[in-house]
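Take a look at the structure set out below.
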Protein chains: 4
Amino acid sequence: MAPKKGLLQRLDEGVVIGDGGFVFALEKRGYVKAGPWTPEASVEYPDAVRGLHREFLRAGSDVMQAFTFYASDDKLSNRGNESSQKYTCRGINDAACRIAREVANEGDALVAGGLSQTPTYLSGLGKENTQKEFQRQVDVFVENKVDFLIAEYFEHVEEMEWAIEVCLRSGLPVVASMCIGPKGDLHGKSAGECAVRMAKAGAHVVGINCHFDPFVTLEGLRKMKAALDAEGLKVHLISQPLAYHTPDAHKQGFIDLPEFPFALEPRICTRWDMHKYAREAYELGVRYIGGCCGFEAYHIRAVAEELSKERGRLPKASEKHDMWAGGLKMHTKPWVRSRAGREYWENIQPSSGRPFCSSMSQPDNWGVTAGHDSLKQKTGETSEDEIALLKAKRQKQSSAASNGRVA
Amino acid sequence: MAPKKGLLQRLDEGVVIGDGGFVFALEKRGYVKAGPWTPEASVEYPDAVRGLHREFLRAGSDVMQAFTFYASDDKLSNRGNESSQKYTCRGINDAACRIAREVANEGDALVAGGLSQTPTYLSGLGKENTQKEFQRQVDVFVENKVDFLIAEYFEHVEEMEWAIEVCLRSGLPVVASMCIGPKGDLHGKSAGECAVRMAKAGAHVVGINCHFDPFVTLEGLRKMKAALDAEGLKVHLISQPLAYHTPDAHKQGFIDLPEFPFALEPRICTRWDMHKYAREAYELGVRYIGGCCGFEAYHIRAVAEELSKERGRLPKASEKHDMWAGGLKMHTKPWVRSRAGREYWENIQPSSGRPFCSSMSQPDNWGVTAGHDSLKQKTGETSEDEIALLKAKRQKQSSAASNGRVA
Amino acid sequence: MAPKKGLLQRLDEGVVIGDGGFVFALEKRGYVKAGPWTPEASVEYPDAVRGLHREFLRAGSDVMQAFTFYASDDKLSNRGNESSQKYTCRGINDAACRIAREVANEGDALVAGGLSQTPTYLSGLGKENTQKEFQRQVDVFVENKVDFLIAEYFEHVEEMEWAIEVCLRSGLPVVASMCIGPKGDLHGKSAGECAVRMAKAGAHVVGINCHFDPFVTLEGLRKMKAALDAEGLKVHLISQPLAYHTPDAHKQGFIDLPEFPFALEPRICTRWDMHKYAREAYELGVRYIGGCCGFEAYHIRAVAEELSKERGRLPKASEKHDMWAGGLKMHTKPWVRSRAGREYWENIQPSSGRPFCSSMSQPDNWGVTAGHDSLKQKTGETSEDEIALLKAKRQKQSSAASNGRVA
Amino acid sequence: MAPKKGLLQRLDEGVVIGDGGFVFALEKRGYVKAGPWTPEASVEYPDAVRGLHREFLRAGSDVMQAFTFYASDDKLSNRGNESSQKYTCRGINDAACRIAREVANEGDALVAGGLSQTPTYLSGLGKENTQKEFQRQVDVFVENKVDFLIAEYFEHVEEMEWAIEVCLRSGLPVVASMCIGPKGDLHGKSAGECAVRMAKAGAHVVGINCHFDPFVTLEGLRKMKAALDAEGLKVHLISQPLAYHTPDAHKQGFIDLPEFPFALEPRICTRWDMHKYAREAYELGVRYIGGCCGFEAYHIRAVAEELSKERGRLPKASEKHDMWAGGLKMHTKPWVRSRAGREYWENIQPSSGRPFCSSMSQPDNWGVTAGHDSLKQKTGETSEDEIALLKAKRQKQSSAASNGRVA
């Protein structure tokens with residue numbers, strides 16, 4: 001069997017489809033805890049992780065990203081989380097790589113090892129300490145012969161530069177993706193500057209993941225592309241947005257929305273939203289197109305279906321999904337059969353069924369960022385008193401917001 | 001090991017938690033085709049079916065319902081579907097039972113075999129033909145020693161009575177559940193009359209599944225209970241609603257909503273909705289409490305968490321979910337930590353993030369029901385011409401609707 | 001000049017168009033105080049009252065209803081209101097009749113004197129005292145030779161019967177109109193029973209005004225008509241609804257909505273809503289078609305335009321309004337000219353421009369009705385302490401509501 | 001009696017409150033035709049115009065702006081309008097000035113004569129022709145001894161400069177106000193540039209009126225102020241926005257919204273919105289604070305009440321409105337009495353009562369501006385064929401919009 005083509009060759013030749021979100025999907029299935037969001041399920045429930053990888057592979061993903069999100073030692077032991085002790089950083093990252101490789105080899109997919117931002121950085125503990133956290137994960141990825149590395153979910157471009165530096169030592173292709181929107185990073189660096197700095201730091205692919213919906217994310221990528229073009233920098237672009245509509249999010253993205261993380265349901269994108277997303281991303285020149293939190297297999301399948309002409313193939317899972325709702329021709333009810341077709345679904349504006357809810361929210365806007373005391377790493381659990389103080393702060397903020405804002 | 005307690009004993013002693021929806025979940029995962037909605041995945045992708053059963057078991061389900069929805073011969077071969085030929089009714093039902101039993105035995109769950117309404121009935125082919133379809137499935141269930149039978153998703157109480165008659169011959173406990181709302185069945189029988197007729201036909205448990213959201217469903221159950229009480233009939237009640245908000249659905253339920261089945265996302269219930277549902281169902285006297293389409297493991301877990309005092313235990317999956325969002329105490333951001341607690345989530349009115357969408361839809365209301373030509377079973381595919389005619393009809397109906405209605 | 005035709009003859013021969021709402025319109029113009037809502041402007045600012053009558057006359061109203069709403073002595077002196085002392089019941093009612101007659105004679109309109117429910121009744125002071133309040137107003141109406149009487153805005157059919165009894169003594173035609181919806185009066189009497197009792201008490205025209213939007217009001221009238229038909233009672237029907245959408249109001253109508261009375265703007269009906277209202281009312285058999293709070297001249301003109309064929313004429317004010325937006329053909333912008341025409345406006349679903357607001361509200365539902373202590377008449381002002389107690393009660397109620405209700 | 005203080009002195013010393021919108025208010029009352037929107041009512045129905053002036057005077061307006069909007073000869077004869085022939089430009093402007101002066105002298109108000117943009121300019125007929133139109137109106141204003149001039153409702157700063165030039169010849173103070181938003185004028189000039197050019201052209205007061213809601217308008221004024229400050233230009237600012245919420249309007253403002261002009265009801269601002277508007281405008285440094293289309297007397301009163309401390313007085317109409325809903329203490333129902341107070345109303349998010357409507361609209365965006373053929377002045381009526389062509393264009397545009405946009 002011929003060796004698989006590498007990431008950069010694939011991007012030069014066409015579109016690479018990423019996968020979707022693991023932590024949100026596995027949280028709903030009962031295998032990940034919201035709050036810490038750490039990925040010890042790779043050790044505890046490998047079948048569940050494997051099953052989810054398979055769904056994405058069938059849906060058209062060209063990349064199996066090992067389930068190592070937030071799997072740095074400092075995160076695994078933050079605020080009362082005991083994952084680090086029970087499973088170790090090495091154990092979790094190693095298990096995740098093996099599962100990803102197993103499923104990748106059931107098709108033609110590549111395996112990526114993933115890093116994300118660290119509590120160490122947020123606590124202001126400096127470059128050396130932060131890079132140690134990254135290095136420990138990268139060591140495991142190299143041992144497991146992953147095909148490339150993704151440094152993703154960074155809110156500060158400075159920490160991202162440190163991550164890229166560590167990743168490049170591996171000799172593998174490096175993808176760098178920040179969780180920012182059109183307004184830039186949390187230290188006030190513009191989206192354009194972030195892109196330029198990631199490219200100059202040596203990343204082969206740069207872009208955005210998480211925190212914003214597909215269309216807000218593409219606005220950010222438009223700014224990134226303009227800045228890269230202005231500097232004459234040639235790198236590929238990656239887009240892996242949320243599958244939640246966030247027109248009302250501010251700079252910090254969906255984390256600030258009052259619905260995060262347990263009442264985001266009404267914001268979930270439809271498969272038709274993803275057709276539009278895939279088309280717009282492709283037209284903008286993005287070639288690594290995937291998703292993040294909320295993106296499920298059927299969202300990825302929609303991306304793959306939209307780009308099936310460009311890619312010359314449909315994904316395996318389309319055996320269970322005739323393009324543009326064609327399967328409805330087999331429905332029992334005639335009025336549902338009449339919904340079979342592109343025009344109907346392309347134009348639908350779906351109702352929420354929630355007449356007592358508004359369409360947009362006022363995000364929290366606490367204005368705290370890296371270095372602030374409340375963001376520092378802490379091994380012990382948060383106490384009830386600390387929570388009480390935070391709730392009081394919430395109360396105060398939301399009165400202020402409501403007085404200063406007209407609807 | 002002691003034999004498991006039976007369904008009726010469990011219902012007499014406390015609450016039985018059902019499972020969630022298979023066809024919608026597996027459609028999103030890429031293993032079921034929307035339109036025909038038939039369950040050949042039990043043969044084709046047993047791991048995927050098994051994985052979903054396990055999620056529900058972990059979440060607290062006391063019943064593993066074999067994935068045999070719509071697995072009657074006539075449905076498997078309706079309108080161009082080739083499932084019947086490739087896998088046979090017997091093959092699919094048998095595989096489904098074996099998977100359900102395997103997972104049920106990983107815990108203390110029971111196995112149920114399930115029947116649903118048939119194209120044969122809708123085509124007006126009479127009692128004898130309809131009952132033959134049922135009998136073929138029941139034979140497989142009996143061979144597989146399921147613990148009880150569920151006749152569910154019936155729109156006409158007459159067909160339900162025929163199904164109950166077949167089921168009773170097995171000697172197993174029989175659950176009878178119609179997909180109706182407070183306005184009754186599609187032949188104009190009230191919800192109360194439906195309940196009374198199911199009970200008089202011999203069903204041990206009667207109630208409602210699918211087609212409406214939890215709160216509309218409970219309105220229907222309130223009417224059923226009142227009618228049963230008025231007749232002095234003692235049977236248990238079952239509730240297995242959608243996890244989609246449907247305040248705007250008419251008599252035919254969510255199938256009539258323009259968003260069915262590919263744009264229902266903004267209607268998805270939160271876990272907090274399910275806390276309220278479980279509490280209201282329990283207070284009404286419903287003892288078999290589960291879900292149907294859209295219900296995922298985390299919704300079932302919310303039911304189990306709400307009733308944890310009554311049941312004396314939490315489900316296994318609560319190891320990954322501290323009650324009332326307690327896990328958020330471990331979140332990195334202080335304003336998210338401030339959301340840890342019951343009051344915050346119990347009162348949230350989540351926004352849709354969709355300012356261009358309304359909160360309610362005008363359902364299709366074609367007024368066709370059993371016996372109508374357009375509902376008749378048909379082995380061949382629906383032609384493009386037939387679809388064009390249906391689309392023209394849609395166009396006409398929706399102008400009429402918009403003229404007759406003020407918003 | 002031939003004498004004008006009387007009300008009953010007009011109703012027998014065709015449609016009578018009522019006027020709109022005075023208190024809400026004059027409140028916005030600065031001549032009526034919300035809270036007491038009493039009509040001393042008839043004495044203080046006769047030009048303003050005359051101007052508003054003229055708008056309705058031009059718009060097509062066949063009735064000038066003297067601005068005597070809530071002009072009974074007990075209301076004029078309730079809770080710190082000093083209108084009674086300053087202007088007297090007699091003074092206000094007399095001035096109002098004279099203004100109404102002046103404008104009526106500028107066209108072919110009739111003059112009506114109006115009574116409404118009394119604090120005396122709500123305070124439980126009995127039939128004799130309540131009827132005294134009515135009699136004082138009727139005396140003035142008779143002296144002023146009004147053409148007929150309207151007893152309107154009654155929440156309890158018992159008080160209405162007492163009012164009809166007083167009105168009938170005058171020998172004038174009597175219209176009886178309650179501010180109820182399809183769920184009936186506040187003592188639990190059904191809408192049908194209310195209609196029957198009003199007709200049996202001798203009213204010549206019965207129906208509904210205020211408290212609900214046009215479409216909810218017509219639902220109530222459907223019930224009234226069915227009950228009257230069942231009893232073989234032949235009376236005319238009157239409909240004078242709000243011009244505010246109230247799909248979410250409960251039994252007490254818009255007063256319970258949190259937006260009452262100072263944030264009802266997003267609920268205001270368009271002129272196109274009134275076309276539909278007029279058509280539906282006419283088809284139901286209602287022949288006295290007007291409006292109440294929120295109904296402005298352009299709403300009445302829309303009623304008159306919709307029924308222009310039946311009436312054989314357009315109202316005077318249509319000189320400034322070509323039917324179905326025809327005037328837009330003269331607009332400067334071409335895309336606005338493209339909106340000239342019936343299809344565009346008949347089908348519009350207007351947006352609120354308020355993405356932070358929901359589409360429906362949870363009404364207050366305090367469950368207090370006639371006889372309850374908090375409803376009793378009181379001459380002195382409400383103290384700050386009393387208001388503080390009421391606010392605390394509000395706080396408690398709204399937490400309860402939010403816990404018991406899912407959106 | 002001492003002569004009244006002039007505009008500029010008043011602005012130097014404090015706040016000047018403008019009036020509200022005449023064309024929209026009088027359209028609803030039956031005295032102005034939507035489409036042409038011309039002000040011949042000053043001749044035809046002087047009582048109606050006088051009545052509206054009085055409402056604003058009572059509400060706190062310091063300026064009676066003569067009802068001369070769009071009263072240039074070319075507009076009075078555009079597209080089949082016969083106002084010019086019947087009443088003449090001179091006749092209308094003269095009558096309007098006399099009415100305004102009469103009411104102004106009932107209080108301490110000033111009289112302003114108003115100019116607006118012309119079809120002559122839109123038709124590309126050049127500076128000389130355009131200025132002739134302005135001159136004819138200014139001549140009448142000077143004869144009538146108005147206190148100052150307002151050039152308002154200009155979409156192009158170039159035409160505004162021509163208007164200012166004409167106005168300055170009169171020797172009167174000149175207010176210059178464009179109907180633009182934060183995105184600037186229709187020829188692509190930024191809001192800041194517009195402000196600077198108006199100031200440099202000699203206007204004494206510059207700012208924005210119409211087309212956008214209060215809060216979008218203030219965004220535009222923020223940009224104007226920044227540009228003026230940067231140039232060291234000292235002029236006063238004026239703000240006279242719509243009373244319709246327009247968060248979804250694009251560059252051309254509310255005219256592009258599908259609801260314009262006959263379904264704007266759900267967008268109407270509450271009085272509480274106006275409290276916030278007045279406060280924000282004042283804090284920004286705006287000293288001429290009024291309103292435009294949709295602004296009724298109660299909106300102006302809210303502005304005057306909010307600024308009552310700064311002005312040292314309440315308006316006359318506050319005799320009918322206790323601050324912050326205090327009048328509700330006299331309401332019959334206890335739950336309405338509990339709504340008396342600032343906190344309740346300041347925080348209300350009013351529902352629309354329209355569950356079938358969305359919260360935002362997609363504006364028309366035809367991209368035609370001054371000079372485009374479809375915008376040219378035309379004396380004859382628009383033919384049915386022309387309208388049919390425009391409707392076809394609408395159809396095409398709105399499909400395109402819906403395909404290119406995700407909600």
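Residues in the structure tokens are numbered from 1 in each chain, the chains being A, B, ... in the order shown, and ligands are numbered from 1 in the order shown.
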Polymer residues at most 6 Å from stretch 73-80 of chain A, only C-alpha atoms, same-chain spacing of 5 or more positions, as a list of chain:residue names: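 The contact residues come out as A:Cys89, A:Lys378, A:Thr379, A:Gly380, A:Glu381, B:Met330.
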Interface list for chain B, partner chain C, 12 Å threshold, only C-alpha atoms, as a PyMOL selection string: chain B and resi 213-216+244-247+267-277+279-280+342-361+398-407
DSSP alpha helix (DSSP H) selection over stretch 124-285 of chain D, as JSON, numbers by chain: {"D": [126, 127, 128, 129, 130, 131, 132, 133, 134, 135, 136, 137, 138, 139, 140, 141, 142, 143, 157, 158, 159, 160, 161, 162, 163, 164, 165, 166, 167, 168, 191, 192, 193, 194, 195, 196, 197, 198, 199, 200, 214, 215, 216, 217, 218, 219, 220, 221, 222, 223, 224, 225, 226, 227, 228, 229, 230, 271, 272, 273, 274, 275, 276, 277, 278, 279, 280, 281, 282, 283, 284]}
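With only C-alpha atoms as the atoms that count, the minimum distance from D:Pro261 to the choices D:Val63, D:Ile300, D:Ala34, D:Leu172 is reached by D:Ala34.
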Residue contacts of C:Ala278 (8 Å, only C-alpha atoms) excluding same-chain residues fewer than 5 positions away, as a ChimeraX atom specification: /C:289,303,306-307
Among the residues B:Val166, B:Ala104, B:Ala203, B:Ala340, the one that comes closest to B:Lys132 [using only C-alpha atoms]: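 Result for the nearest residue to B:Lys132: B:Val166.
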Atom CA of B:Asp373 to atom CA of B:Glu27, distance in Å rounded to a single decimal: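 If I compute the distance from atom CA of B:Asp373 to atom CA of B:Glu27, I get 28.8 Å.
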Who sits within 8 Å of B:Glu161, only C-alpha atoms, same chain under 2 positions skipped, as a PyMOL selection string: chain B and resi 157-159+163-165+197-198+201
Take the residues from that selection and put them in a file with all heavy atoms, as an mmCIF file, in the first residue's frame.
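Saved file selection-v8.cif follows:
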```cif
data_model
loop_
_atom_site.group_PDB
_atom_site.id
_atom_site.type_symbol
_atom_site.label_atom_id
_atom_site.label_comp_id
_atom_site.auth_asym_id
_atom_site.auth_seq_id
_atom_site.Cartn_x
_atom_site.Cartn_y
_atom_site.Cartn_z
ATOM 1 N N VAL B 157 -56.264 4.921 16.637
ATOM 2 C CA VAL B 157 -56.471 3.971 17.732
ATOM 3 C C VAL B 157 -56.990 2.633 17.212
ATOM 4 O O VAL B 157 -56.764 1.584 17.813
ATOM 5 C CB VAL B 157 -57.383 4.584 18.835
ATOM 6 C CG1 VAL B 157 -58.806 4.746 18.347
ATOM 7 C CG2 VAL B 157 -57.322 3.751 20.109
ATOM 8 N N GLU B 158 -57.666 2.662 16.079
ATOM 9 C CA GLU B 158 -58.168 1.403 15.529
ATOM 10 C C GLU B 158 -57.016 0.443 15.194
ATOM 11 O O GLU B 158 -57.034 -0.730 15.573
ATOM 12 C CB GLU B 158 -58.974 1.694 14.253
ATOM 13 C CG GLU B 158 -59.568 0.462 13.603
ATOM 14 C CD GLU B 158 -60.187 0.788 12.234
ATOM 15 O OE1 GLU B 158 -59.494 1.409 11.382
ATOM 16 O OE2 GLU B 158 -61.359 0.448 12.026
ATOM 17 N N GLU B 159 -55.983 0.974 14.526
ATOM 18 C CA GLU B 159 -54.841 0.113 14.206
ATOM 19 C C GLU B 159 -54.138 -0.348 15.485
ATOM 20 O O GLU B 159 -53.653 -1.470 15.579
ATOM 21 C CB GLU B 159 -53.851 0.869 13.295
ATOM 22 C CG GLU B 159 -52.728 -0.025 12.772
ATOM 23 C CD GLU B 159 -51.668 0.734 11.940
ATOM 24 O OE1 GLU B 159 -51.718 1.984 11.922
ATOM 25 O OE2 GLU B 159 -50.813 0.071 11.329
ATOM 26 N N ALA B 163 -53.043 -4.042 16.897
ATOM 27 C CA ALA B 163 -51.685 -4.378 17.315
ATOM 28 C C ALA B 163 -51.688 -5.004 18.713
ATOM 29 O O ALA B 163 -51.006 -6.000 18.971
ATOM 30 C CB ALA B 163 -50.803 -3.133 17.291
ATOM 31 N N ILE B 164 -52.470 -4.405 19.621
ATOM 32 C CA ILE B 164 -52.527 -4.936 20.993
ATOM 33 C C ILE B 164 -53.015 -6.381 20.969
ATOM 34 O O ILE B 164 -52.479 -7.251 21.663
ATOM 35 C CB ILE B 164 -53.445 -4.051 21.876
ATOM 36 C CG1 ILE B 164 -52.801 -2.661 22.064
ATOM 37 C CG2 ILE B 164 -53.719 -4.709 23.218
ATOM 38 C CD1 ILE B 164 -53.714 -1.621 22.712
ATOM 39 N N GLU B 165 -53.999 -6.619 20.151
ATOM 40 C CA GLU B 165 -54.540 -7.982 20.051
ATOM 41 C C GLU B 165 -53.446 -8.982 19.673
ATOM 42 O O GLU B 165 -53.327 -10.057 20.276
ATOM 43 C CB GLU B 165 -55.652 -7.972 18.992
ATOM 44 C CG GLU B 165 -56.505 -9.221 18.967
ATOM 45 C CD GLU B 165 -57.602 -9.124 17.881
ATOM 46 O OE1 GLU B 165 -58.241 -8.054 17.785
ATOM 47 O OE2 GLU B 165 -57.778 -10.101 17.118
ATOM 48 N N ARG B 197 -59.723 3.059 25.105
ATOM 49 C CA ARG B 197 -59.777 1.914 24.185
ATOM 50 C C ARG B 197 -58.521 1.055 24.271
ATOM 51 O O ARG B 197 -58.597 -0.172 24.186
ATOM 52 C CB ARG B 197 -60.014 2.416 22.747
ATOM 53 C CG ARG B 197 -61.473 2.855 22.557
ATOM 54 C CD ARG B 197 -61.750 3.483 21.214
ATOM 55 N NE ARG B 197 -61.471 2.589 20.091
ATOM 56 C CZ ARG B 197 -61.738 2.879 18.824
ATOM 57 N NH1 ARG B 197 -62.322 4.062 18.525
ATOM 58 N NH2 ARG B 197 -61.467 2.025 17.859
ATOM 59 N N MET B 198 -57.359 1.692 24.430
ATOM 60 C CA MET B 198 -56.131 0.887 24.577
ATOM 61 C C MET B 198 -56.189 0.040 25.841
ATOM 62 O O MET B 198 -55.813 -1.133 25.844
ATOM 63 C CB MET B 198 -54.892 1.805 24.605
ATOM 64 C CG MET B 198 -54.610 2.464 23.263
ATOM 65 S SD MET B 198 -52.986 3.307 23.200
ATOM 66 C CE MET B 198 -53.337 4.801 24.134
ATOM 67 N N ALA B 201 -58.579 -2.728 25.424
ATOM 68 C CA ALA B 201 -58.035 -3.755 24.532
ATOM 69 C C ALA B 201 -57.030 -4.641 25.247
ATOM 70 O O ALA B 201 -56.609 -5.662 24.707
ATOM 71 C CB ALA B 201 -57.386 -3.093 23.314
#
```
Exercise: B:Ser123 partners within 10 Å, only C-alpha atoms, chain neighbours under 5 positions left out, as a ChimeraX atom specification: /B:118,130,370-378
Could you write out that same residue set with all heavy atoms as a compact mmCIF listing (two decimals), in the first residue's frame?
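Output file out-v1.txt is given in full below:
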```txt
# COMPACT_ATOMS: atom_id res chain seq x y z
N THR B 118 -48.32 0.75 10.31
CA THR B 118 -47.89 0.13 9.05
C THR B 118 -48.46 0.84 7.83
O THR B 118 -49.58 1.34 7.86
CB THR B 118 -48.39 -1.33 9.00
OG1 THR B 118 -49.83 -1.29 9.08
CG2 THR B 118 -47.82 -2.16 10.11
N THR B 130 -52.96 -6.18 8.05
CA THR B 130 -52.19 -5.37 9.01
C THR B 130 -51.65 -6.27 10.12
O THR B 130 -50.47 -6.18 10.49
CB THR B 130 -53.09 -4.27 9.59
OG1 THR B 130 -53.63 -3.50 8.49
CG2 THR B 130 -52.31 -3.35 10.50
N ALA B 370 -55.55 8.51 6.88
CA ALA B 370 -55.60 7.10 6.45
C ALA B 370 -56.66 6.87 5.37
O ALA B 370 -57.81 7.28 5.51
CB ALA B 370 -55.87 6.19 7.64
N GLY B 371 -56.25 6.20 4.32
CA GLY B 371 -57.19 5.91 3.25
C GLY B 371 -57.01 6.84 2.06
O GLY B 371 -57.33 6.48 0.92
N HIS B 372 -56.47 8.04 2.29
CA HIS B 372 -56.27 8.99 1.20
C HIS B 372 -55.25 8.43 0.21
O HIS B 372 -54.28 7.79 0.59
CB HIS B 372 -55.77 10.32 1.77
CG HIS B 372 -55.74 11.43 0.75
ND1 HIS B 372 -54.72 11.57 -0.17
CD2 HIS B 372 -56.58 12.46 0.51
CE1 HIS B 372 -54.94 12.64 -0.92
NE2 HIS B 372 -56.07 13.19 -0.53
N ASP B 373 -55.52 8.69 -1.05
CA ASP B 373 -54.70 8.13 -2.10
C ASP B 373 -53.21 8.41 -1.94
O ASP B 373 -52.37 7.55 -2.12
CB ASP B 373 -55.19 8.71 -3.45
CG ASP B 373 -54.76 7.81 -4.60
OD1 ASP B 373 -55.05 6.60 -4.54
OD2 ASP B 373 -54.09 8.31 -5.51
N SER B 374 -52.91 9.65 -1.54
CA SER B 374 -51.50 10.03 -1.46
C SER B 374 -50.77 9.34 -0.32
O SER B 374 -49.56 9.48 -0.18
CB SER B 374 -51.40 11.56 -1.30
OG SER B 374 -51.96 11.93 -0.06
N LEU B 375 -51.51 8.64 0.51
CA LEU B 375 -50.88 7.97 1.64
C LEU B 375 -50.67 6.48 1.40
O LEU B 375 -50.14 5.77 2.24
CB LEU B 375 -51.75 8.16 2.89
CG LEU B 375 -51.71 9.56 3.48
CD1 LEU B 375 -52.75 9.69 4.58
CD2 LEU B 375 -50.32 9.86 4.03
N LYS B 376 -51.16 6.00 0.25
CA LYS B 376 -51.11 4.55 0.02
C LYS B 376 -49.69 4.03 -0.18
O LYS B 376 -48.85 4.70 -0.78
CB LYS B 376 -51.98 4.19 -1.16
CG LYS B 376 -53.46 4.35 -0.79
CD LYS B 376 -54.39 3.55 -1.64
CE LYS B 376 -55.82 3.73 -1.09
NZ LYS B 376 -56.81 3.82 -2.16
N GLN B 377 -49.49 2.83 0.29
CA GLN B 377 -48.21 2.15 0.12
C GLN B 377 -47.91 1.98 -1.36
O GLN B 377 -48.80 1.81 -2.18
CB GLN B 377 -48.29 0.78 0.79
CG GLN B 377 -46.97 0.09 0.87
CD GLN B 377 -47.11 -1.32 1.42
OE1 GLN B 377 -48.19 -1.71 1.84
NE2 GLN B 377 -46.01 -2.06 1.40
N LYS B 378 -46.62 1.96 -1.69
CA LYS B 378 -46.22 1.94 -3.08
C LYS B 378 -44.80 1.43 -3.08
O LYS B 378 -43.94 1.98 -2.39
CB LYS B 378 -46.28 3.39 -3.59
CG LYS B 378 -46.02 3.59 -5.06
CD LYS B 378 -46.37 5.03 -5.43
CE LYS B 378 -45.77 5.42 -6.77
NZ LYS B 378 -44.29 5.43 -6.82
```
Selection: 8 Å around D:Gly207, only C-alpha atoms, excl. self and same-chain fewer than 6 positions, as a list in words: Ala176, Ser177, Met178, Ala195, Leu221, Met224, Leu237, Ile238 and Ser239 of chain D
Who sits within 7 Å of D:Gly294, only C-alpha atoms, same chain under 5 positions skipped, as an mmCIF file with C-alpha atoms, in the first residue's frame:
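The file below, selection-v1.cif, is the result:
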```cif
data_model
loop_
_atom_site.group_PDB
_atom_site.id
_atom_site.type_symbol
_atom_site.label_atom_id
_atom_site.label_comp_id
_atom_site.auth_asym_id
_atom_site.auth_seq_id
_atom_site.Cartn_x
_atom_site.Cartn_y
_atom_site.Cartn_z
ATOM 1 C CA GLY D 21 -42.482 63.790 13.190
ATOM 2 C CA PHE D 24 -46.087 59.992 9.884
ATOM 3 C CA ALA D 25 -48.373 61.302 12.627
ATOM 4 C CA LEU D 242 -36.688 58.024 14.086
ATOM 5 C CA ALA D 243 -38.810 56.528 16.802
ATOM 6 C CA TYR D 244 -38.454 53.105 15.119
#
```
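Each of A:Val175, A:Leu168, A:Leu284, A:Ala59 was compared to A:Glu219 using only C-alpha atoms, and A:Leu284 turns out to be the nearest.
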Among the residues C:Gly113, C:Pro39, C:Gly202, C:Pro182, the one that comes closest to C:Ile150 [using only C-alpha atoms]: C:Gly113
